[in-house]
Amino acid sequence: MTAFRLFIRLFILLAICVAAYLLYRAISRYSLDEIIGSIQAISLGRLMAAFGFAAASYVCLTGFDALAVRYVGKKLAYRRIALASFVSLSIGHNIGVAALSSGAIRYRFYSRWGLSGGDVAKIILFTGTTVGLGLATLGGIGLFLYPADAKSLTDLSPAAIKMVAAASLTFSALYLVLSAFIRKPFGYRKWKLELPPFRLAAGQITVGTLNFAFVAACLYQLVAASAEMRYLDIVAIYTTANAAAIISHVPGGIGVIEATVIYFLPGAAAVGAAVAFRVVYFFVPLAFGLPLFLISEHVLRKRDENGKSQQDTAIGTALR
């Protein structure tokens, strides 16, 4: 094991321990009856709306992959892209280190459909960039429109909030500008990257922002069942929680997202909303994604074996 791998594993282990401690501190103030009661307070209508927004988010995530496949210059049927995206992300969201976990599953699908390892690496990088653009854009808009709410949630000064909002939106705007004018690959030696065309870059920002808007709406439905909150307040909370989860690499952000939500929204109702959000956005998609992965692996492996068998038969016939 290299020193770098050991460092990464120790970092993830430390992040898990910190997340577990923070979650314990956040939840230990409330009784089990209070937490169960806050979950039961979520009406069926709110719960169904949360599921609807979660589904809309996963549809947006298929758009990440669809744009990425166009970026690498390949053509694939949308149904294939949607299958690879949903399966890889429904599992990767729960495992953690999404670039590696979901990337490995993406490779299983895309390599069978004619994409090279380099193509898949570009797809992973492209989708990761789309995540960053979506977070930066939605977070920047929320901070810009409602700085007073952000101040009450974060205790940052108005100047600091404006600076963060400006930096976030500038990042997205700069990406668009560079994609419009820089067409030559850039990098160092063999490590070369090429910015997507302007239309693809605009698509990244649009679908990335929509995705996180839907995720925040999912959480909002669960929080609003028992707390008076504005949607953009939830946007600020979720983008902060998600950024923390990405940085920590804790599997599925378990503990990180919940602790962040509970920190900003103290009370048993926040615990119930955080638990319900974990089930709606993470566990239920996993319950569909994992069987889909196993079934698709079986079907695709059979097709590969049949294709190889037919090829061997054709070669044998030609040699006779």
# chains A, B, ... in the order shown; residues from 1 in each chain; ligands from 1
call {"tool": "select_by_dssp", "arguments": {"residues": "range 162-296 of chain A", "states": "strand (DSSP E)", "output": "ChimeraX atom specification"}}
result
/A:186-188,191-193
call {"tool": "write_last_selection", "arguments": {"atoms": "N, CA and C atoms", "output": "short mmCIF file (atom, residue, chain, number, x, y, z; two decimals), in the first residue's frame"}}
result
data_model
loop_
_atom_site.label_atom_id
_atom_site.label_comp_id
_atom_site.auth_asym_id
_atom_site.auth_seq_id
_atom_site.Cartn_x
_atom_site.Cartn_y
_atom_site.Cartn_z
N PHE A 186 -5.34 22.01 -23.01
CA PHE A 186 -4.32 22.60 -22.15
C PHE A 186 -3.96 21.59 -21.07
N GLY A 187 -2.79 21.76 -20.51
CA GLY A 187 -2.34 20.84 -19.48
C GLY A 187 -0.84 20.75 -19.46
N TYR A 188 -0.32 19.66 -18.89
CA TYR A 188 1.13 19.48 -18.75
C TYR A 188 1.51 18.12 -19.32
N TRP A 191 -0.79 14.98 -19.81
CA TRP A 191 -2.05 15.26 -19.14
C TRP A 191 -2.70 16.48 -19.79
N LYS A 192 -3.56 16.22 -20.75
CA LYS A 192 -4.21 17.28 -21.51
C LYS A 192 -5.72 17.24 -21.29
N LEU A 193 -6.31 18.41 -21.16
CA LEU A 193 -7.75 18.54 -21.04
C LEU A 193 -8.27 19.53 -22.06
#
call {"tool": "residues_around", "arguments": {"residues": "Tyr71 in chain A", "least_positions_apart": "3", "cutoff": "9 Å", "atoms": "only C-alpha atoms", "output": "list in words"}}
result
Ala66, Leu67, Ala68, Lys74, Lys122, Ile123, Phe126, Pro196, Pro197 and Leu200 of chain A
call {"tool": "residues_around", "arguments": {"residues": "Tyr220 in chain A", "least_positions_apart": "5", "cutoff": "10 Å", "atoms": "only C-alpha atoms", "output": "list in words"}}
result
Arg46, Ala49, Ala50, Phe53, Phe214, Val215, Ala225, Ala227, Met229, Arg230, Tyr231, Leu232, Asp233, Ile234, Val235, Tyr238, Ala273 and Phe277 of chain A
call {"tool": "write_last_selection", "arguments": {"atoms": "N, CA and C atoms", "output": "compact mmCIF listing (two decimals), in the first residue's frame"}}
result
# COMPACT_ATOMS: atom_id res chain seq x y z
N ARG A 46 -46.63 15.55 1.58
CA ARG A 46 -45.25 16.03 1.64
C ARG A 46 -44.27 14.92 1.25
N ALA A 49 -44.36 14.34 -2.47
CA ALA A 49 -43.68 15.44 -3.15
C ALA A 49 -42.17 15.28 -3.05
N ALA A 50 -41.70 14.85 -1.87
CA ALA A 50 -40.26 14.63 -1.68
C ALA A 50 -39.76 13.54 -2.63
N PHE A 53 -39.52 15.03 -6.16
CA PHE A 53 -38.33 15.86 -6.38
C PHE A 53 -37.06 15.01 -6.41
N PHE A 214 -33.66 20.55 -7.18
CA PHE A 214 -34.61 19.48 -6.90
C PHE A 214 -34.27 18.76 -5.60
N VAL A 215 -32.98 18.54 -5.35
CA VAL A 215 -32.59 17.87 -4.09
C VAL A 215 -32.98 18.75 -2.90
N ALA A 225 -42.73 20.15 6.81
CA ALA A 225 -43.84 19.44 7.46
C ALA A 225 -44.00 19.86 8.91
N ALA A 227 -41.70 22.67 10.35
CA ALA A 227 -40.92 23.87 10.66
C ALA A 227 -41.19 24.94 9.60
N MET A 229 -39.83 27.33 7.31
CA MET A 229 -38.57 27.65 6.63
C MET A 229 -38.86 28.05 5.20
N ARG A 230 -38.02 28.93 4.66
CA ARG A 230 -38.14 29.29 3.26
C ARG A 230 -37.28 28.35 2.43
N TYR A 231 -37.71 28.16 1.19
CA TYR A 231 -37.01 27.22 0.32
C TYR A 231 -35.53 27.57 0.17
N LEU A 232 -35.22 28.86 -0.05
CA LEU A 232 -33.82 29.25 -0.26
C LEU A 232 -32.97 29.09 0.99
N ASP A 233 -33.60 29.08 2.18
CA ASP A 233 -32.87 28.75 3.40
C ASP A 233 -32.39 27.30 3.33
N ILE A 234 -33.29 26.44 2.87
CA ILE A 234 -32.93 25.02 2.74
C ILE A 234 -31.86 24.84 1.66
N VAL A 235 -31.94 25.64 0.60
CA VAL A 235 -30.90 25.60 -0.43
C VAL A 235 -29.53 25.86 0.18
N TYR A 238 -28.54 22.89 2.43
CA TYR A 238 -28.18 21.66 1.72
C TYR A 238 -26.87 21.80 0.94
N ALA A 273 -36.69 15.05 9.78
CA ALA A 273 -36.57 15.43 8.37
C ALA A 273 -35.28 14.89 7.77
N PHE A 277 -35.09 12.24 4.80
CA PHE A 277 -34.35 12.59 3.59
C PHE A 277 -33.35 11.51 3.22
call {"tool": "residues_around", "arguments": {"residues": "Val177 in chain A", "least_positions_apart": "2", "cutoff": "12 Å", "atoms": "only C-alpha atoms", "output": "PyMOL selection string"}}
result
chain A and resi 170-175+179-183+195-199+201-202
call {"tool": "write_last_selection", "arguments": {"atoms": "C-alpha atoms", "output": "tab-separated table (two decimals), in the first residue's frame"}}
result
chain	number	residue	atom	x	y	z
A	170	THR	CA	-17.89	34.11	-10.96
A	171	PHE	CA	-16.65	30.52	-11.07
A	172	SER	CA	-19.61	29.46	-13.21
A	173	ALA	CA	-19.45	32.59	-15.41
A	174	LEU	CA	-15.70	32.16	-15.95
A	175	TYR	CA	-16.22	28.54	-16.96
A	179	SER	CA	-15.50	27.38	-22.90
A	180	ALA	CA	-16.55	29.96	-25.50
A	181	PHE	CA	-13.04	31.14	-26.36
A	182	ILE	CA	-10.55	28.38	-25.51
A	183	ARG	CA	-10.68	25.51	-27.96
A	195	LEU	CA	-12.96	22.47	-22.31
A	196	PRO	CA	-16.40	21.54	-23.66
A	197	PRO	CA	-18.05	23.72	-26.31
A	198	PHE	CA	-20.09	26.65	-25.00
A	199	ARG	CA	-23.43	24.86	-25.48
A	201	ALA	CA	-20.87	24.10	-20.75
A	202	ALA	CA	-24.18	26.00	-20.56
call {"tool": "residues_around", "arguments": {"residues": "Ile91 in chain A", "least_positions_apart": "6", "cutoff": "8 Å", "atoms": "only C-alpha atoms", "output": "count of residues only"}}
result
5
call {"tool": "select_by_dssp", "arguments": {"residues": "range 73-242 of chain A", "states": "alpha helix (DSSP H)", "output": "short mmCIF file (atom, residue, chain, number, x, y, z; two decimals) with C-alpha atoms, in the first residue's frame"}}
result
data_model
loop_
_atom_site.label_atom_id
_atom_site.label_comp_id
_atom_site.auth_asym_id
_atom_site.auth_seq_id
_atom_site.Cartn_x
_atom_site.Cartn_y
_atom_site.Cartn_z
CA TYR A 78 -30.46 7.60 -23.87
CA ARG A 79 -31.87 4.45 -22.25
CA ARG A 80 -28.33 3.07 -21.92
CA ILE A 81 -26.97 6.32 -20.53
CA ALA A 82 -29.87 6.57 -18.06
CA LEU A 83 -29.28 2.99 -16.88
CA ALA A 84 -25.53 3.56 -16.36
CA SER A 85 -26.14 6.89 -14.60
CA PHE A 86 -28.90 5.77 -12.25
CA VAL A 87 -27.27 2.50 -11.26
CA SER A 88 -23.82 4.02 -10.71
CA LEU A 89 -25.07 7.03 -8.73
CA SER A 90 -27.74 5.27 -6.66
CA ILE A 91 -24.97 2.94 -5.45
CA GLY A 92 -22.16 5.52 -5.44
CA HIS A 93 -24.17 8.01 -3.37
CA ASN A 94 -24.37 5.41 -0.58
CA ILE A 95 -20.84 4.01 -0.82
CA ALA A 98 -18.40 8.84 -5.71
CA ALA A 99 -15.77 9.50 -8.36
CA LEU A 100 -14.29 6.04 -7.71
CA SER A 101 -17.34 3.99 -6.69
CA SER A 102 -19.76 5.28 -9.32
CA GLY A 103 -16.86 5.57 -11.78
CA ALA A 104 -16.09 1.87 -11.49
CA ILE A 105 -19.73 0.99 -12.19
CA ARG A 106 -19.85 3.44 -15.10
CA TYR A 107 -16.80 1.71 -16.56
CA ARG A 108 -18.57 -1.66 -16.37
CA PHE A 109 -21.39 -0.29 -18.53
CA TYR A 110 -19.64 2.08 -20.91
CA SER A 111 -16.69 -0.22 -21.71
CA ARG A 112 -19.17 -2.84 -22.94
CA GLY A 117 -10.97 3.75 -20.29
CA GLY A 118 -9.87 7.25 -21.27
CA ASP A 119 -13.41 8.10 -22.39
CA VAL A 120 -14.84 6.93 -19.06
CA ALA A 121 -12.22 8.95 -17.14
CA LYS A 122 -13.30 12.06 -19.09
CA ILE A 123 -16.95 11.30 -18.34
CA ILE A 124 -16.19 11.05 -14.61
CA LEU A 125 -14.27 14.33 -14.66
CA PHE A 126 -17.02 16.03 -16.71
CA THR A 127 -19.79 14.91 -14.34
CA GLY A 128 -17.71 15.92 -11.31
CA THR A 129 -17.26 19.38 -12.83
CA THR A 130 -21.03 19.55 -13.40
CA VAL A 131 -21.58 18.81 -9.71
CA GLY A 132 -19.26 21.68 -8.75
CA LEU A 133 -20.89 24.07 -11.21
CA GLY A 134 -24.37 23.19 -9.95
CA LEU A 135 -23.43 23.66 -6.30
CA ALA A 136 -21.62 26.94 -6.99
CA THR A 137 -24.43 28.38 -9.12
CA LEU A 138 -27.35 27.45 -6.87
CA GLY A 139 -25.47 28.37 -3.70
CA GLY A 140 -24.37 31.68 -5.19
CA ILE A 141 -27.91 32.55 -6.27
CA GLY A 142 -29.29 31.73 -2.82
CA LEU A 143 -26.66 33.83 -1.03
CA PHE A 144 -27.10 36.71 -3.48
CA LEU A 145 -30.91 36.84 -3.23
CA PRO A 147 -28.01 37.46 2.27
CA ALA A 148 -29.91 38.22 5.51
CA ASP A 149 -31.07 34.60 5.76
CA ALA A 150 -27.55 33.37 5.09
CA LYS A 151 -26.26 35.66 7.87
CA SER A 152 -28.74 34.22 10.38
CA LEU A 153 -27.80 30.68 9.38
CA THR A 154 -24.02 31.06 9.19
CA PRO A 158 -22.69 40.65 5.03
CA ALA A 159 -19.39 41.41 3.28
CA ALA A 160 -18.26 37.79 3.60
CA ILE A 161 -21.59 36.49 2.29
CA LYS A 162 -21.39 38.81 -0.73
CA MET A 163 -17.83 37.67 -1.34
CA VAL A 164 -18.78 33.98 -1.26
CA ALA A 165 -21.80 34.61 -3.52
CA ALA A 166 -19.68 36.60 -6.00
CA ALA A 167 -16.92 33.96 -6.01
CA SER A 168 -19.44 31.15 -6.60
CA LEU A 169 -21.20 32.88 -9.49
CA THR A 170 -17.89 34.11 -10.96
CA PHE A 171 -16.65 30.52 -11.07
CA SER A 172 -19.61 29.46 -13.21
CA ALA A 173 -19.45 32.59 -15.41
CA LEU A 174 -15.70 32.16 -15.95
CA TYR A 175 -16.22 28.54 -16.96
CA LEU A 176 -18.73 29.67 -19.59
CA VAL A 177 -16.44 32.38 -20.92
CA LEU A 178 -13.44 30.05 -21.15
CA SER A 179 -15.50 27.38 -22.90
CA ALA A 180 -16.55 29.96 -25.50
CA PHE A 181 -13.04 31.14 -26.36
CA PHE A 198 -20.09 26.65 -25.00
CA ARG A 199 -23.43 24.86 -25.48
CA LEU A 200 -22.30 21.85 -23.47
CA ALA A 201 -20.87 24.10 -20.75
CA ALA A 202 -24.18 26.00 -20.56
CA GLY A 203 -25.95 22.64 -20.37
CA GLN A 204 -23.70 21.61 -17.47
CA ILE A 205 -24.56 24.72 -15.47
CA THR A 206 -28.28 24.39 -16.25
CA VAL A 207 -28.70 20.72 -15.44
CA GLY A 208 -26.29 20.90 -12.48
CA THR A 209 -28.21 23.78 -10.92
CA LEU A 210 -31.57 22.11 -11.57
CA ASN A 211 -30.35 18.90 -9.95
CA PHE A 212 -29.43 20.57 -6.67
CA ALA A 213 -32.58 22.71 -6.80
CA PHE A 214 -34.61 19.48 -6.90
CA VAL A 215 -32.59 17.87 -4.09
CA ALA A 216 -33.07 20.96 -1.93
CA ALA A 217 -36.81 20.88 -2.77
CA CYS A 218 -36.90 17.25 -1.63
CA LEU A 219 -35.38 18.20 1.72
CA TYR A 220 -37.61 21.29 1.95
CA GLN A 221 -40.78 19.19 1.71
CA LEU A 222 -39.66 17.09 4.67
CA VAL A 223 -38.52 20.04 6.79
CA TYR A 231 -37.01 27.22 0.32
CA LEU A 232 -33.82 29.25 -0.26
CA ASP A 233 -32.87 28.75 3.40
CA ILE A 234 -32.93 25.02 2.74
CA VAL A 235 -30.90 25.60 -0.43
CA ALA A 236 -28.17 27.26 1.64
CA ILE A 237 -28.25 24.48 4.24
CA TYR A 238 -28.18 21.66 1.72
CA THR A 239 -25.41 23.11 -0.46
CA THR A 240 -23.30 23.53 2.69
CA ALA A 241 -24.08 19.98 3.83
CA ASN A 242 -23.36 18.51 0.41
#
call {"tool": "atom_distance", "arguments": {"atom1": "CA of Ala287 in chain A", "atom2": "CA of Leu61 in chain A"}}
result
17.5 Å
call {"tool": "atom_distance", "arguments": {"atom1": "CA of Ala243 in chain A", "atom2": "CA of Ile262 in chain A"}}
result
15.7 Å
call {"tool": "atom_distance", "arguments": {"atom1": "CA of Ile257 in chain A", "atom2": "CA of Ala54 in chain A"}}
result
15.8 Å
